[in-house]
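Visitor: Data file work.csv (CSV, C-alpha atoms and all ligand atoms) is appended below.
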chain,number,residue,atom,x,y,z
A,1,MET,CA,171.5,-76.4,-135.6
A,2,LYS,CA,174.5,-78.6,-136.6
A,3,ARG,CA,173.8,-78.5,-140.3
A,4,LEU,CA,174.2,-74.8,-140.9
A,5,PRO,CA,177.8,-74.5,-139.7
A,6,THR,CA,178.8,-77.5,-141.8
A,7,ALA,CA,177.3,-76.0,-144.9
A,8,LEU,CA,178.9,-72.7,-144.1
A,9,ALA,CA,182.2,-74.5,-143.5
A,10,ALA,CA,182.0,-76.2,-146.9
A,11,SER,CA,181.4,-72.9,-148.6
A,12,MET,CA,184.2,-71.2,-146.7
A,13,ALA,CA,186.6,-74.0,-147.6
A,14,LEU,CA,185.7,-73.3,-151.3
A,15,VAL,CA,186.4,-69.6,-150.8
A,16,LEU,CA,189.8,-70.3,-149.2
A,17,ALA,CA,190.6,-72.9,-151.9
A,18,ALA,CA,189.7,-70.4,-154.7
A,19,ALA,CA,192.0,-67.8,-153.1
A,20,CYS,CA,195.1,-70.0,-153.6
A,21,THR,CA,196.9,-70.0,-156.9
A,22,PRO,CA,197.7,-73.5,-158.3
A,23,GLN,CA,201.4,-73.0,-157.5
A,24,GLU,CA,200.7,-72.5,-153.8
A,25,GLN,CA,201.1,-75.4,-151.4
A,26,ARG,CA,197.7,-76.3,-150.0
A,27,PRO,CA,197.7,-77.8,-146.5
A,28,ALA,CA,197.3,-81.5,-146.7
A,29,ASP,CA,194.4,-81.5,-144.2
A,30,ASP,CA,191.9,-79.1,-142.7
A,31,LEU,CA,193.1,-77.1,-139.7
A,32,LYS,CA,190.1,-76.2,-137.6
A,33,VAL,CA,190.4,-73.7,-134.8
A,34,LEU,CA,187.8,-72.5,-132.3
A,35,ILE,CA,188.4,-69.1,-130.7
A,36,SER,CA,186.3,-68.4,-127.5
A,37,VAL,CA,186.3,-64.7,-126.7
A,38,ASP,CA,185.3,-63.4,-123.3
A,39,MET,CA,185.6,-59.7,-122.4
A,40,GLU,CA,186.9,-59.1,-118.9
A,41,GLY,CA,190.5,-60.0,-119.9
A,42,ILE,CA,190.9,-57.7,-122.9
A,43,ALA,CA,193.5,-54.9,-122.8
A,44,GLY,CA,192.5,-51.9,-120.8
A,45,ALA,CA,189.2,-53.1,-119.4
A,46,VAL,CA,188.9,-52.9,-115.6
A,47,HIS,CA,185.3,-52.2,-114.6
A,48,SER,CA,181.9,-54.0,-114.9
A,49,GLU,CA,180.4,-50.9,-116.5
A,50,GLU,CA,182.7,-51.5,-119.5
A,51,MET,CA,181.4,-55.1,-119.7
A,52,SER,CA,177.7,-54.5,-119.7
A,53,ARG,CA,175.4,-53.6,-122.6
A,54,THR,CA,173.9,-50.8,-120.5
A,55,GLY,CA,177.3,-49.5,-119.4
A,56,LYS,CA,178.7,-46.2,-120.6
A,57,ASP,CA,181.9,-47.4,-122.1
A,58,TYR,CA,180.7,-50.7,-123.4
A,59,ASP,CA,180.5,-49.7,-127.0
A,60,TYR,CA,184.2,-48.7,-126.9
A,61,PHE,CA,185.4,-51.9,-125.3
A,62,ARG,CA,183.3,-54.2,-127.6
A,63,VAL,CA,185.5,-52.8,-130.4
A,64,ILE,CA,188.6,-53.8,-128.5
A,65,MET,CA,187.1,-57.2,-127.9
A,66,THR,CA,186.4,-57.6,-131.6
A,67,GLU,CA,190.0,-56.5,-132.5
A,68,GLU,CA,191.5,-59.0,-130.1
A,69,ALA,CA,189.4,-61.7,-131.7
A,70,ASN,CA,190.8,-60.5,-135.0
A,71,ALA,CA,194.4,-60.7,-133.7
A,72,ALA,CA,193.7,-64.3,-132.8
A,73,ILE,CA,192.2,-65.0,-136.3
A,74,ASP,CA,195.3,-63.4,-137.9
A,75,GLY,CA,197.5,-65.7,-135.9
A,76,ALA,CA,195.5,-68.8,-136.7
A,77,LEU,CA,195.5,-67.9,-140.4
A,78,ALA,CA,199.3,-67.4,-140.3
A,79,ALA,CA,199.6,-70.9,-138.8
A,80,GLY,CA,197.6,-72.4,-141.7
A,81,ALA,CA,194.0,-72.5,-140.2
A,82,THR,CA,191.5,-73.4,-142.9
A,83,HIS,CA,188.3,-73.2,-140.7
A,84,ILE,CA,187.9,-70.7,-137.9
A,85,VAL,CA,184.9,-70.4,-135.6
A,86,VAL,CA,184.8,-67.4,-133.2
A,87,ARG,CA,182.5,-68.0,-130.2
A,88,ASP,CA,181.3,-64.8,-128.6
A,89,ALA,CA,181.4,-66.0,-124.9
A,90,HIS,CA,180.6,-62.9,-122.8
A,91,GLY,CA,177.4,-61.9,-121.1
A,92,SER,CA,174.7,-61.8,-123.8
A,93,ALA,CA,177.1,-63.5,-126.3
A,94,ARG,CA,176.2,-60.6,-128.6
A,95,ASN,CA,179.2,-58.3,-128.1
A,96,ILE,CA,181.5,-58.9,-131.1
A,97,LEU,CA,180.7,-56.6,-134.0
A,98,PRO,CA,180.1,-58.9,-136.9
A,99,ASP,CA,181.2,-56.6,-139.7
A,100,LEU,CA,184.4,-55.7,-137.9
A,101,LEU,CA,185.4,-59.3,-137.6
A,102,ARG,CA,187.8,-60.8,-140.1
A,103,PRO,CA,185.8,-62.3,-143.0
A,104,GLU,CA,187.8,-65.6,-142.8
A,105,ALA,CA,186.0,-66.6,-139.6
A,106,LEU,CA,182.5,-67.7,-138.8
A,107,LEU,CA,180.9,-66.0,-135.8
A,108,LEU,CA,178.8,-67.9,-133.2
A,109,ARG,CA,176.5,-65.6,-131.2
A,110,ASP,CA,174.0,-66.0,-128.4
A,111,TRP,CA,173.4,-69.0,-126.1
A,112,THR,CA,171.8,-72.4,-126.7
A,113,GLY,CA,171.2,-73.2,-123.1
A,114,GLY,CA,173.4,-76.4,-123.5
A,115,PRO,CA,176.4,-77.4,-121.5
A,116,LEU,CA,179.0,-76.3,-124.1
A,117,SER,CA,178.2,-72.6,-123.4
A,118,MET,CA,181.4,-70.6,-123.8
A,119,VAL,CA,182.8,-73.3,-126.2
A,120,GLU,CA,179.7,-73.9,-128.1
A,121,GLY,CA,180.6,-75.1,-131.6
A,122,ILE,CA,183.4,-77.5,-130.5
A,123,ASP,CA,183.4,-81.1,-131.8
A,124,GLU,CA,186.0,-83.8,-132.6
A,125,SER,CA,186.8,-82.3,-135.9
A,126,PHE,CA,188.7,-79.3,-134.4
A,127,HIS,CA,192.5,-79.3,-133.9
A,128,ALA,CA,193.1,-76.4,-131.5
A,129,VAL,CA,191.2,-74.1,-129.2
A,130,VAL,CA,192.2,-70.5,-128.3
A,131,PHE,CA,190.8,-68.4,-125.4
A,132,VAL,CA,190.9,-64.6,-125.6
A,133,GLY,CA,189.7,-62.0,-123.1
A,134,TYR,CA,189.6,-64.6,-120.2
A,135,HIS,CA,189.7,-63.8,-116.5
A,136,ALA,CA,190.7,-65.5,-113.2
A,137,LYS,CA,188.3,-67.5,-111.0
A,138,ALA,CA,186.3,-66.1,-108.2
A,139,GLY,CA,188.4,-64.9,-105.2
A,140,THR,CA,191.7,-64.6,-107.0
A,141,PRO,CA,193.8,-61.7,-105.7
A,142,ASP,CA,195.3,-59.1,-108.1
A,143,ALA,CA,192.9,-60.1,-110.8
A,144,ILE,CA,190.6,-58.0,-113.0
A,145,LEU,CA,186.9,-58.7,-112.7
A,146,GLN,CA,187.4,-62.2,-111.3
A,147,HIS,CA,184.4,-64.5,-111.1
A,148,THR,CA,183.4,-68.0,-112.1
A,149,MET,CA,180.4,-67.9,-114.5
A,150,THR,CA,178.2,-65.8,-112.1
A,151,GLY,CA,178.7,-63.7,-109.0
A,152,GLY,CA,176.9,-66.3,-106.9
A,153,VAL,CA,179.7,-68.9,-107.3
A,154,ALA,CA,182.4,-68.8,-104.6
A,155,ASP,CA,184.2,-71.8,-106.0
A,156,ILE,CA,183.8,-74.9,-108.2
A,157,SER,CA,186.1,-77.8,-108.1
A,158,ILE,CA,186.0,-80.9,-110.2
A,159,ASN,CA,187.9,-84.0,-108.9
A,160,GLY,CA,189.6,-81.8,-106.4
A,161,ILE,CA,190.8,-79.1,-108.8
A,162,SER,CA,189.5,-75.6,-108.2
A,163,MET,CA,188.4,-74.3,-111.7
A,164,PRO,CA,188.4,-71.0,-113.4
A,165,GLU,CA,186.2,-70.8,-116.5
A,166,THR,CA,189.4,-71.6,-118.4
A,167,GLY,CA,189.6,-75.0,-116.7
A,168,ILE,CA,185.9,-75.8,-117.2
A,169,ASN,CA,186.0,-74.9,-120.8
A,170,ALA,CA,189.3,-76.7,-121.4
A,171,LEU,CA,187.7,-79.9,-119.9
A,172,LEU,CA,184.8,-79.5,-122.2
A,173,VAL,CA,186.9,-79.2,-125.4
A,174,GLY,CA,189.2,-81.9,-123.9
A,175,HIS,CA,186.1,-84.1,-123.8
A,176,TYR,CA,186.2,-83.9,-127.7
A,177,GLY,CA,189.9,-84.6,-127.7
A,178,VAL,CA,190.9,-81.0,-128.5
A,179,PRO,CA,193.7,-79.1,-126.7
A,180,VAL,CA,193.6,-75.5,-125.5
A,181,VAL,CA,196.8,-74.1,-126.9
A,182,PHE,CA,196.6,-70.4,-126.1
A,183,VAL,CA,195.1,-68.1,-123.4
A,184,ALA,CA,195.0,-64.3,-123.4
A,185,GLY,CA,193.7,-62.4,-120.4
A,186,ASP,CA,195.1,-60.7,-117.3
A,187,GLN,CA,198.3,-62.1,-115.6
A,188,ALA,CA,196.1,-63.9,-113.0
A,189,ILE,CA,194.4,-66.1,-115.5
A,190,CYS,CA,197.7,-66.8,-117.2
A,191,ASP,CA,199.0,-68.1,-113.9
A,192,GLU,CA,195.9,-70.2,-113.2
A,193,ALA,CA,195.8,-71.6,-116.8
A,194,LEU,CA,199.5,-72.7,-116.6
A,195,GLU,CA,198.8,-74.3,-113.2
A,196,ILE,CA,195.8,-76.3,-114.4
A,197,LEU,CA,196.8,-77.1,-118.0
A,198,GLY,CA,200.5,-77.4,-117.5
A,199,LYS,CA,201.6,-76.4,-121.0
A,200,VAL,CA,199.7,-73.5,-122.7
A,201,GLU,CA,200.9,-70.4,-124.5
A,202,CYS,CA,199.8,-67.3,-122.6
A,203,VAL,CA,199.6,-63.5,-123.2
A,204,ALA,CA,199.0,-61.3,-120.2
A,205,THR,CA,197.2,-58.1,-121.5
A,206,LYS,CA,197.3,-56.5,-118.1
A,207,GLN,CA,198.3,-56.9,-114.4
A,208,GLY,CA,195.6,-56.6,-111.7
A,209,ILE,CA,196.6,-54.7,-108.6
A,210,GLY,CA,194.6,-55.1,-105.4
A,211,ASP,CA,192.8,-57.9,-103.6
A,212,VAL,CA,189.1,-57.0,-103.2
A,213,GLN,CA,188.9,-54.3,-105.9
A,214,SER,CA,191.5,-54.3,-108.6
A,215,ALA,CA,193.2,-51.6,-110.7
A,216,ALA,CA,194.8,-52.6,-114.0
A,217,LEU,CA,198.2,-51.9,-115.4
A,218,SER,CA,197.6,-52.6,-119.0
A,219,LEU,CA,199.4,-53.0,-122.3
A,220,HIS,CA,198.3,-50.7,-125.1
A,221,PRO,CA,195.6,-52.5,-127.1
A,222,GLU,CA,197.8,-52.5,-130.2
A,223,VAL,CA,200.7,-54.1,-128.3
A,224,ALA,CA,198.3,-56.7,-126.8
A,225,ARG,CA,197.0,-57.5,-130.3
A,226,GLU,CA,200.5,-58.0,-131.7
A,227,LYS,CA,201.4,-60.4,-128.8
A,228,ILE,CA,198.1,-62.3,-129.3
A,229,GLN,CA,198.6,-62.7,-133.0
A,230,ALA,CA,202.2,-64.0,-132.5
A,231,GLY,CA,201.3,-66.2,-129.6
A,232,VAL,CA,198.3,-67.8,-131.4
A,233,GLU,CA,200.4,-68.5,-134.5
A,234,LYS,CA,203.2,-70.0,-132.4
A,235,ALA,CA,200.8,-72.2,-130.4
A,236,ILE,CA,198.8,-73.5,-133.3
A,237,ARG,CA,202.0,-74.3,-135.3
A,238,ALA,CA,203.1,-76.3,-132.2
A,239,ARG,CA,199.6,-77.8,-131.6
A,240,GLY,CA,201.0,-81.4,-131.4
A,241,GLU,CA,202.9,-80.5,-128.2
A,242,TYR,CA,199.7,-79.7,-126.3
A,243,SER,CA,197.4,-82.3,-124.7
A,244,PRO,CA,193.6,-82.2,-124.4
A,245,PHE,CA,192.8,-81.5,-120.7
A,246,ARG,CA,191.1,-84.6,-119.3
A,247,LEU,CA,190.3,-85.9,-115.8
A,248,GLU,CA,189.3,-89.4,-115.0
A,249,ALA,CA,185.6,-90.4,-114.5
A,250,PRO,CA,183.7,-90.3,-112.2
A,251,TYR,CA,183.6,-86.5,-112.2
A,252,THR,CA,182.9,-85.1,-108.7
A,253,MET,CA,181.9,-81.4,-108.6
A,254,VAL,CA,182.0,-79.6,-105.3
A,255,LEU,CA,180.2,-76.2,-105.6
A,256,GLN,CA,180.5,-73.4,-103.1
A,257,LEU,CA,177.7,-70.8,-103.4
A,258,ARG,CA,177.3,-67.4,-101.8
A,259,ASN,CA,173.6,-67.1,-101.3
A,260,PRO,CA,171.9,-69.4,-98.7
A,261,GLU,CA,168.5,-69.4,-100.6
A,262,ARG,CA,170.3,-70.5,-103.8
A,263,VAL,CA,171.9,-73.4,-101.8
A,264,GLU,CA,168.5,-74.5,-100.7
A,265,GLN,CA,167.2,-74.5,-104.3
A,266,ALA,CA,170.3,-76.1,-105.7
A,267,ALA,CA,170.0,-79.0,-103.2
A,268,THR,CA,166.7,-80.0,-104.9
A,269,TYR,CA,168.5,-80.7,-108.2
A,270,PRO,CA,168.4,-84.4,-108.9
A,271,GLY,CA,171.6,-86.0,-107.7
A,272,ALA,CA,172.8,-83.0,-105.8
A,273,VAL,CA,174.0,-83.6,-102.2
A,274,ARG,CA,174.4,-80.9,-99.6
A,275,THR,CA,177.8,-81.4,-98.1
A,276,GLY,CA,178.2,-78.1,-96.2
A,277,GLU,CA,176.4,-75.0,-95.2
A,278,MET,CA,177.1,-73.4,-98.5
A,279,GLU,CA,178.4,-76.5,-100.3
A,280,LEU,CA,176.9,-79.0,-102.7
A,281,THR,CA,178.4,-82.1,-104.3
A,282,TYR,CA,177.4,-83.8,-107.6
A,283,THR,CA,179.0,-86.8,-109.2
A,284,SER,CA,178.5,-88.5,-112.5
A,285,ASP,CA,180.5,-90.5,-115.0
A,286,ASP,CA,179.3,-88.1,-117.8
A,287,LEU,CA,181.2,-84.8,-117.8
A,288,LEU,CA,178.4,-83.1,-119.7
A,289,ASP,CA,176.0,-84.1,-116.9
A,290,VAL,CA,178.2,-82.5,-114.4
A,291,ILE,CA,178.6,-79.3,-116.4
A,292,THR,CA,174.8,-79.2,-116.9
A,293,ALA,CA,174.3,-79.6,-113.1
A,294,PHE,CA,176.7,-76.7,-112.5
A,295,ALA,CA,174.7,-74.5,-114.8
A,296,ARG,CA,171.4,-75.5,-113.1
A,297,MET,CA,172.7,-75.3,-109.6
A,298,ARG,CA,174.6,-72.1,-109.5
B,1,ZN,ZN,182.7,-62.4,-119.4
Do you think you could lay out the structure here as structure tokens?
Ligand SMILES: [Zn+2]
Guide:
Amino acid sequence: MKRLPTALAASMALVLAAACTPQEQRPADDLKVLISVDMEGIAGAVHSEEMSRTGKDYDYFRVIMTEEANAAIDGALAAGATHIVVRDAHGSARNILPDLLRPEALLLRDWTGGPLSMVEGIDESFHAVVFVGYHAKAGTPDAILQHTMTGGVADISINGISMPETGINALLVGHYGVPVVFVAGDQAICDEALEILGKVECVATKQGIGDVQSAALSLHPEVAREKIQAGVEKAIRARGEYSPFRLEAPYTMVLQLRNPERVEQAATYPGAVRTGEMELTYTSDDLLDVITAFARMR
């Protein structure tokens, strides 16, 4: 599984090298960027029907998702990226239309079942990570399609920090020493990302309005793409100013679920402790253990 991307990366590096004339300045080193693309936070989208493979407007919005990924690729290329992996990170992980995606990027589709999940493909060789189409955590007011991984999760905190998917995925890439430099999504996830990560470049594609059910006041998709491209370029150029997101071991996850039967089942996971009517706690020195427990228990 790991050999194929490496071989592809080598062949892509050759293509990029061949595209440069001898006079052009080649970057001294590789600049590797992972772009994780979710769907709920893309411009215009507001309803679950637009997010689902069986939904009526899904085919329309998957094009917008692909184009926002392209805007991020363009920004990364402008900043000098030599190796770009786009991770399709929504639902089936088979949303982005491969032939509409910029040819400079590799596309990672479908799930492995492993803990890296939405940031599958990351390793220590990458320099920066970009999130596009992201959404706020479960329970956030004025947020579009807010949830945390599944509808059954009311909250997950790690070492006392309540986490949106942005936080969990930033911890995972931080585990490999790589910073998240850019997040695009609705205004609510921009607020949460800034609170958790401290410094991160954000583009809000839309503003959610309403607590339980939200309406969206959105940028035009083309305007959103321009902002994403410019923001990604700026953030990757300044990548040295961003820190990998890390917490200190041991990692203690406190998980609040919504379904009592699910709580009963999750309590049987080895190492899980029931700490409340709907609450489970799991601790480990290994972050990947904790994220695996989260995936099995939710
Ligand atoms: Zn999603």
Visitor: Select, from A:Ser284, A:Gln146, A:Asn70, A:Ser52, the residue with the minimum atom-to-atom distance to Arg94 in chain A, counting all atoms listed in the file.
Guide: A:Ser52
Visitor: Between CA of Arg258 in chain A and CA of Ala215 in chain A, what is the spacing in Å?
Guide: 24.1 Å
Visitor: Counting only C-alpha atoms, select every polymer residue within 12 Å of (190.5, -80.2, -135.4) as defined in the file's coordinates, and provide the selection as number ranges by chain.
Guide: A: 29-34, 81-85, 121-129, 173-174, 176-180, 236, 239-240, 244
Visitor: Could those residues be written to a file, using C-alpha atoms, as a PDB file, keeping the file's coordinate frame?
Guide:
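Wrote out_14.pdb, looks like this:
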ATOM      1  CA  ASP A  29     194.400 -81.500-144.200  1.00  0.00           C
ATOM      2  CA  ASP A  30     191.900 -79.100-142.700  1.00  0.00           C
ATOM      3  CA  LEU A  31     193.100 -77.100-139.700  1.00  0.00           C
ATOM      4  CA  LYS A  32     190.100 -76.200-137.600  1.00  0.00           C
ATOM      5  CA  VAL A  33     190.400 -73.700-134.800  1.00  0.00           C
ATOM      6  CA  LEU A  34     187.800 -72.500-132.300  1.00  0.00           C
ATOM      7  CA  ALA A  81     194.000 -72.500-140.200  1.00  0.00           C
ATOM      8  CA  THR A  82     191.500 -73.400-142.900  1.00  0.00           C
ATOM      9  CA  HIS A  83     188.300 -73.200-140.700  1.00  0.00           C
ATOM     10  CA  ILE A  84     187.900 -70.700-137.900  1.00  0.00           C
ATOM     11  CA  VAL A  85     184.900 -70.400-135.600  1.00  0.00           C
ATOM     12  CA  GLY A 121     180.600 -75.100-131.600  1.00  0.00           C
ATOM     13  CA  ILE A 122     183.400 -77.500-130.500  1.00  0.00           C
ATOM     14  CA  ASP A 123     183.400 -81.100-131.800  1.00  0.00           C
ATOM     15  CA  GLU A 124     186.000 -83.800-132.600  1.00  0.00           C
ATOM     16  CA  SER A 125     186.800 -82.300-135.900  1.00  0.00           C
ATOM     17  CA  PHE A 126     188.700 -79.300-134.400  1.00  0.00           C
ATOM     18  CA  HIS A 127     192.500 -79.300-133.900  1.00  0.00           C
ATOM     19  CA  ALA A 128     193.100 -76.400-131.500  1.00  0.00           C
ATOM     20  CA  VAL A 129     191.200 -74.100-129.200  1.00  0.00           C
ATOM     21  CA  VAL A 173     186.900 -79.200-125.400  1.00  0.00           C
ATOM     22  CA  GLY A 174     189.200 -81.900-123.900  1.00  0.00           C
ATOM     23  CA  TYR A 176     186.200 -83.900-127.700  1.00  0.00           C
ATOM     24  CA  GLY A 177     189.900 -84.600-127.700  1.00  0.00           C
ATOM     25  CA  VAL A 178     190.900 -81.000-128.500  1.00  0.00           C
ATOM     26  CA  PRO A 179     193.700 -79.100-126.700  1.00  0.00           C
ATOM     27  CA  VAL A 180     193.600 -75.500-125.500  1.00  0.00           C
ATOM     28  CA  ILE A 236     198.800 -73.500-133.300  1.00  0.00           C
ATOM     29  CA  ARG A 239     199.600 -77.800-131.600  1.00  0.00           C
ATOM     30  CA  GLY A 240     201.000 -81.400-131.400  1.00  0.00           C
ATOM     31  CA  PRO A 244     193.600 -82.200-124.400  1.00  0.00           C
TER      32      PRO A 244
END
Visitor: Using all atoms listed in the file, which residues sit within 8 Å of Met278 in chain A once same-chain residues fewer than 5 positions away are excluded, as a list in words?
Guide: Gln256, Leu257, Arg258, Asn259, Pro260 and Val263 of chain A
Visitor: Could you give me, as JSON lines, every chain A residue with an atom at most 12 Å from ligand ZN 1 (chain B), plus its closest atom pair and distance in Å to one decimal, counting all atoms listed in the file, rows ordered by chain then number?
Guide:
{"residue": "A:Ser36", "atom": "CA", "partner": "B:ZN1", "partner_atom": "ZN", "distance": 10.7}
{"residue": "A:Val37", "atom": "CA", "partner": "B:ZN1", "partner_atom": "ZN", "distance": 8.5}
{"residue": "A:Asp38", "atom": "CA", "partner": "B:ZN1", "partner_atom": "ZN", "distance": 4.8}
{"residue": "A:Met39", "atom": "CA", "partner": "B:ZN1", "partner_atom": "ZN", "distance": 5.0}
{"residue": "A:Glu40", "atom": "CA", "partner": "B:ZN1", "partner_atom": "ZN", "distance": 5.4}
{"residue": "A:Gly41", "atom": "CA", "partner": "B:ZN1", "partner_atom": "ZN", "distance": 8.2}
{"residue": "A:Ile42", "atom": "CA", "partner": "B:ZN1", "partner_atom": "ZN", "distance": 10.1}
{"residue": "A:Ala45", "atom": "CA", "partner": "B:ZN1", "partner_atom": "ZN", "distance": 11.3}
{"residue": "A:Val46", "atom": "CA", "partner": "B:ZN1", "partner_atom": "ZN", "distance": 12.0}
{"residue": "A:His47", "atom": "CA", "partner": "B:ZN1", "partner_atom": "ZN", "distance": 11.6}
{"residue": "A:Ser48", "atom": "CA", "partner": "B:ZN1", "partner_atom": "ZN", "distance": 9.6}
{"residue": "A:Glu50", "atom": "CA", "partner": "B:ZN1", "partner_atom": "ZN", "distance": 10.9}
{"residue": "A:Met51", "atom": "CA", "partner": "B:ZN1", "partner_atom": "ZN", "distance": 7.4}
{"residue": "A:Ser52", "atom": "CA", "partner": "B:ZN1", "partner_atom": "ZN", "distance": 9.4}
{"residue": "A:Arg53", "atom": "CA", "partner": "B:ZN1", "partner_atom": "ZN", "distance": 11.9}
{"residue": "A:Arg62", "atom": "CA", "partner": "B:ZN1", "partner_atom": "ZN", "distance": 11.6}
{"residue": "A:Met65", "atom": "CA", "partner": "B:ZN1", "partner_atom": "ZN", "distance": 10.9}
{"residue": "A:Asp88", "atom": "CA", "partner": "B:ZN1", "partner_atom": "ZN", "distance": 9.6}
{"residue": "A:Ala89", "atom": "CA", "partner": "B:ZN1", "partner_atom": "ZN", "distance": 6.7}
{"residue": "A:His90", "atom": "CA", "partner": "B:ZN1", "partner_atom": "ZN", "distance": 4.0}
{"residue": "A:Gly91", "atom": "CA", "partner": "B:ZN1", "partner_atom": "ZN", "distance": 5.6}
{"residue": "A:Ser92", "atom": "CA", "partner": "B:ZN1", "partner_atom": "ZN", "distance": 9.1}
{"residue": "A:Ala93", "atom": "CA", "partner": "B:ZN1", "partner_atom": "ZN", "distance": 9.0}
{"residue": "A:Arg94", "atom": "CA", "partner": "B:ZN1", "partner_atom": "ZN", "distance": 11.4}
{"residue": "A:Asn95", "atom": "CA", "partner": "B:ZN1", "partner_atom": "ZN", "distance": 10.2}
{"residue": "A:Ser117", "atom": "CA", "partner": "B:ZN1", "partner_atom": "ZN", "distance": 11.8}
{"residue": "A:Met118", "atom": "CA", "partner": "B:ZN1", "partner_atom": "ZN", "distance": 9.4}
{"residue": "A:Phe131", "atom": "CA", "partner": "B:ZN1", "partner_atom": "ZN", "distance": 11.7}
{"residue": "A:Val132", "atom": "CA", "partner": "B:ZN1", "partner_atom": "ZN", "distance": 10.5}
{"residue": "A:Gly133", "atom": "CA", "partner": "B:ZN1", "partner_atom": "ZN", "distance": 7.9}
{"residue": "A:Tyr134", "atom": "CA", "partner": "B:ZN1", "partner_atom": "ZN", "distance": 7.3}
{"residue": "A:His135", "atom": "CA", "partner": "B:ZN1", "partner_atom": "ZN", "distance": 7.7}
{"residue": "A:Ala136", "atom": "CA", "partner": "B:ZN1", "partner_atom": "ZN", "distance": 10.6}
{"residue": "A:Lys137", "atom": "CA", "partner": "B:ZN1", "partner_atom": "ZN", "distance": 11.3}
{"residue": "A:Ile144", "atom": "CA", "partner": "B:ZN1", "partner_atom": "ZN", "distance": 11.1}
{"residue": "A:Leu145", "atom": "CA", "partner": "B:ZN1", "partner_atom": "ZN", "distance": 8.7}
{"residue": "A:Gln146", "atom": "CA", "partner": "B:ZN1", "partner_atom": "ZN", "distance": 9.4}
{"residue": "A:His147", "atom": "CA", "partner": "B:ZN1", "partner_atom": "ZN", "distance": 8.7}
{"residue": "A:Thr148", "atom": "CA", "partner": "B:ZN1", "partner_atom": "ZN", "distance": 9.2}
{"residue": "A:Met149", "atom": "CA", "partner": "B:ZN1", "partner_atom": "ZN", "distance": 7.7}
{"residue": "A:Thr150", "atom": "CA", "partner": "B:ZN1", "partner_atom": "ZN", "distance": 9.2}
{"residue": "A:Gly151", "atom": "CA", "partner": "B:ZN1", "partner_atom": "ZN", "distance": 11.2}
{"residue": "A:Pro164", "atom": "CA", "partner": "B:ZN1", "partner_atom": "ZN", "distance": 11.9}
{"residue": "A:Glu165", "atom": "CA", "partner": "B:ZN1", "partner_atom": "ZN", "distance": 9.6}
{"residue": "A:Thr166", "atom": "CA", "partner": "B:ZN1", "partner_atom": "ZN", "distance": 11.4}
{"residue": "A:Gly185", "atom": "CA", "partner": "B:ZN1", "partner_atom": "ZN", "distance": 11.0}
Visitor: Given only C-alpha atoms as the basis, pick out the residue of A:Ala143, A:Met297, A:Val254, A:Glu49 nearest to Ala267 in chain A.
Guide: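 Smallest distance to Ala267 in chain A is found for A:Met297.
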Visitor: I'd like the interatomic distance between CA of Met253 in chain A and CA of Glu195 in chain A, to a tenth of an Å.
Guide: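 Atom-to-atom, CA of Met253 in chain A and CA of Glu195 in chain A are spaced 18.9 Å apart.
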Visitor: Which polymer residues, protein or nucleic acid, are no farther than 6 Å from (200.7, -75.8, -138.3), counting all atoms listed in the file, as a compact mmCIF listing (two decimals) with C-alpha atoms, in the coordinates of the input?
Guide:
# COMPACT_ATOMS: atom_id res chain seq x y z
CA ALA A 79 199.60 -70.90 -138.80
CA GLY A 80 197.60 -72.40 -141.70
CA ILE A 236 198.80 -73.50 -133.30
CA ARG A 237 202.00 -74.30 -135.30
Visitor: What lies within 10 Å of Ala224 in chain A using all atoms listed in the file, ignoring chain neighbours under 6 positions off, as a PyMOL selection string?
Guide: chain A and resi 42-44+68+71+184-185+203-206+218
Visitor: Nearest to Glu120 in chain A: which of A:Arg102, A:Arg298, A:Arg87, A:Lys199 is it, counting all atoms listed in the file?
Guide: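 Selected residue with least distance to Glu120 in chain A: A:Arg87.
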Visitor: Take CA of Thr292 in chain A and CA of Glu261 in chain A and report the distance between them in Å, one decimal.
Guide: 20.0 Å
